[in-house]
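Scroll down for the structure; my scribbles are underneath it.
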Amino acid sequence: MSELEIIDYKASLQLKLEDFLEQTDAGPKFPFDLGNKYKDFRSIPEIYQSNNGQFWILFLFKEIAGIIALKSLSEAVGEVKRLNVHPKFRGRGFGELLLKHLLEYASKNKFKKIRLDSIMKHKPALHLYKKYGFYEIFRYNDNPNADIFMEVKLK
């Protein structure tokens, strides 16, 4: 594995992925629980790697630095999911690297639009999305935690 590499998810990486999630998202307020908030991580091939979707893991040497997924909503519309960079690697452009990778893949795989949901308090992420042409749209899903919905049209 080279110094910095984005690879497709495979089942052999599941334990490393779960360890990454526990390090990045767990805490006293939100304990790590694969059965609830993270249940989708137990079904990555079915949820994210079907219908031209994909799930990527960014490694810095042999450590997971970040993740991102493209979920297919339809033949022409995809959704950014699970963009997360380990706190010790934030501010190095890894989130942008992952988003750019997703958008390039989506363009090559005939997606016409990419959507996402987020929360307004995630200012750095919103800034990144706007940098790549995302604009605010109507609520397109029933995520009760999201308070902003965005989309970008691909060339």
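By convention here, the chains of the structure tokens are called A, B, ... in the order presented, each chain's residues are numbered starting at 1, and ligands are numbered starting at 1 in the order presented.
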
Original post:
Per DSSP on the backbone, what are the strand (DSSP E) residues of region 18-145 of chain A, as number ranges by chain?
Top reply: A: 54-60, 63-72, 77-85, 113-118, 135-136

Original post:
Contacts of Asn143 (chain A) at 10 Å or less, counting only C-alpha atoms, minus same-chain residues fewer than 3 places along, as a list in words?
Top reply: Asp117, Ser118, Arg139, Tyr140, Ala146 and Asp147 of chain A

Okay, now the selection with N, CA and C atoms, as a PDB file, in the first residue's frame?
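Contents of part.pdb, as written:
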ATOM      1  N   ASP A 117     -27.316  15.158   2.080  1.00  0.00           N
ATOM      2  CA  ASP A 117     -27.947  15.852   3.199  1.00  0.00           C
ATOM      3  C   ASP A 117     -26.886  16.050   4.263  1.00  0.00           C
ATOM      4  N   SER A 118     -27.060  17.091   5.051  1.00  0.00           N
ATOM      5  CA  SER A 118     -26.073  17.422   6.078  1.00  0.00           C
ATOM      6  C   SER A 118     -26.754  18.245   7.162  1.00  0.00           C
ATOM      7  N   ARG A 139     -35.997  19.287   0.494  1.00  0.00           N
ATOM      8  CA  ARG A 139     -35.774  18.043   1.241  1.00  0.00           C
ATOM      9  C   ARG A 139     -36.155  16.880   0.331  1.00  0.00           C
ATOM     10  N   TYR A 140     -35.221  15.973   0.092  1.00  0.00           N
ATOM     11  CA  TYR A 140     -35.497  14.849  -0.800  1.00  0.00           C
ATOM     12  C   TYR A 140     -35.537  13.501  -0.071  1.00  0.00           C
ATOM     13  N   ALA A 146     -30.959  15.709   9.356  1.00  0.00           N
ATOM     14  CA  ALA A 146     -30.483  16.662   8.357  1.00  0.00           C
ATOM     15  C   ALA A 146     -31.333  17.925   8.348  1.00  0.00           C
ATOM     16  N   ASP A 147     -30.658  19.063   8.164  1.00  0.00           N
ATOM     17  CA  ASP A 147     -31.394  20.320   8.046  1.00  0.00           C
ATOM     18  C   ASP A 147     -30.966  21.116   6.809  1.00  0.00           C
TER      19      ASP A 147
END

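For Glu63 (chain A), the list of residues within 12 Å, based on only C-alpha atoms and with local chain neighbours fewer than 4 positions off taken out, reads Met1, Ser2, Glu3, Leu4, Glu5, Ile6, Leu13, Lys16, Leu17, Asp19, Phe20, Gln23, Ile57, Leu58, Phe59, Ile67, Val85, His86, Lys88 and Phe89 of chain A.
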
Output file for the residues above (C-alpha atoms, as a CSV table (one decimal), in the first residue's frame):
chain,number,residue,atom,x,y,z
A,1,MET,CA,0.0,0.0,0.0
A,2,SER,CA,1.4,3.4,-1.0
A,3,GLU,CA,1.6,6.4,1.3
A,4,LEU,CA,-1.8,7.7,0.3
A,5,GLU,CA,-4.4,5.5,-1.5
A,6,ILE,CA,-8.1,5.4,-2.0
A,13,LEU,CA,-11.4,-4.3,5.7
A,16,LYS,CA,-10.5,-1.8,10.4
A,17,LEU,CA,-13.5,0.2,9.3
A,19,ASP,CA,-12.3,0.5,14.5
A,20,PHE,CA,-12.1,3.8,12.5
A,23,GLN,CA,-12.4,6.2,17.0
A,57,ILE,CA,-11.6,4.0,2.1
A,58,LEU,CA,-8.7,6.5,2.2
A,59,PHE,CA,-5.5,5.0,3.7
A,67,ILE,CA,-14.2,7.3,4.1
A,85,VAL,CA,-12.1,12.1,8.0
A,86,HIS,CA,-10.4,11.0,11.2
A,88,LYS,CA,-6.2,13.7,13.5
A,89,PHE,CA,-6.1,14.0,9.7

Subject >> Surrounding residues of Val152 (chain A) excluding itself and chain neighbours under 4 positions, 12 Å, only C-alpha atoms, as a list in words >> reply: Val77, Gly78, Glu79, Val80, Leu103, Ala106, Ser107, Phe111, Lys112, Lys113, Ile114, Arg115, Leu116, Tyr129, Lys130, Lys131, Tyr132, Gly133, Phe134, Tyr135, Glu136 and Ile137 of chain A

Could you produce a table of the residues of region 34-64 of chain A lying within 8 Å of region 69-76 of chain A, with the nearest pair of atoms per residue and their separation in Å rounded to one decimal, using only C-alpha atoms, ordered by chain and increasing residue number, as JSON lines?
{"residue": "A:Ile47", "atom": "CA", "partner": "A:Lys71", "partner_atom": "CA", "distance": 7.0}
{"residue": "A:Tyr48", "atom": "CA", "partner": "A:Lys71", "partner_atom": "CA", "distance": 5.0}
{"residue": "A:Gln49", "atom": "CA", "partner": "A:Lys71", "partner_atom": "CA", "distance": 7.5}
{"residue": "A:Ser50", "atom": "CA", "partner": "A:Ser72", "partner_atom": "CA", "distance": 7.4}
{"residue": "A:Asn51", "atom": "CA", "partner": "A:Ser72", "partner_atom": "CA", "distance": 6.1}
{"residue": "A:Asn52", "atom": "CA", "partner": "A:Ser72", "partner_atom": "CA", "distance": 6.6}
{"residue": "A:Gly53", "atom": "CA", "partner": "A:Lys71", "partner_atom": "CA", "distance": 4.9}
{"residue": "A:Gln54", "atom": "CA", "partner": "A:Leu70", "partner_atom": "CA", "distance": 5.2}
{"residue": "A:Phe55", "atom": "CA", "partner": "A:Ala69", "partner_atom": "CA", "distance": 4.2}
{"residue": "A:Trp56", "atom": "CA", "partner": "A:Ala69", "partner_atom": "CA", "distance": 6.1}

**OP:** Within 12 Å of Leu15 (chain A), counting only C-alpha atoms, which residues show up once you throw out same-chain ones fewer than 4 positions away? Write them as number ranges by chain, please.
**Re:** A: 9-11, 19-22, 34, 41-42, 64

Can you write just those residues out, C-alpha atoms, as a PDB file, in the first residue's frame?
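Produced file selection29.pdb, reproduced below:
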ATOM      1  CA  TYR A   9     -14.348  -1.379   0.285  1.00  0.00           C
ATOM      2  CA  LYS A  10     -13.943  -5.129   0.593  1.00  0.00           C
ATOM      3  CA  ALA A  11     -15.111  -7.408   3.398  1.00  0.00           C
ATOM      4  CA  ASP A  19     -12.267   0.505  14.479  1.00  0.00           C
ATOM      5  CA  PHE A  20     -12.112   3.757  12.472  1.00  0.00           C
ATOM      6  CA  LEU A  21     -15.785   4.450  13.199  1.00  0.00           C
ATOM      7  CA  GLU A  22     -15.317   3.807  16.890  1.00  0.00           C
ATOM      8  CA  LEU A  34     -23.279  -1.020  14.707  1.00  0.00           C
ATOM      9  CA  PHE A  41     -21.864  -0.524   7.720  1.00  0.00           C
ATOM     10  CA  ARG A  42     -22.900  -4.171   8.080  1.00  0.00           C
ATOM     11  CA  ILE A  64      -7.699   4.662   7.622  1.00  0.00           C
TER      12      ILE A  64
END

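With only C-alpha atoms as the basis for measurement, A:Leu128 is the residue among A:Leu60, A:Lys123, A:Lys81, A:Leu128 that approaches Lys100 (chain A) most closely.
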
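When the distance limit is 10 Å and only C-alpha atoms are what count, the residues near Met120 (chain A), minus those fewer than 4 positions from it on the same chain, are Pro124, Ala125, Leu126, Ala146, Asp147, Ile148 and Phe149 of chain A.
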
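Of note, CA of His101 (chain A) and CA of Leu154 (chain A) are spaced 13.4 Å apart.
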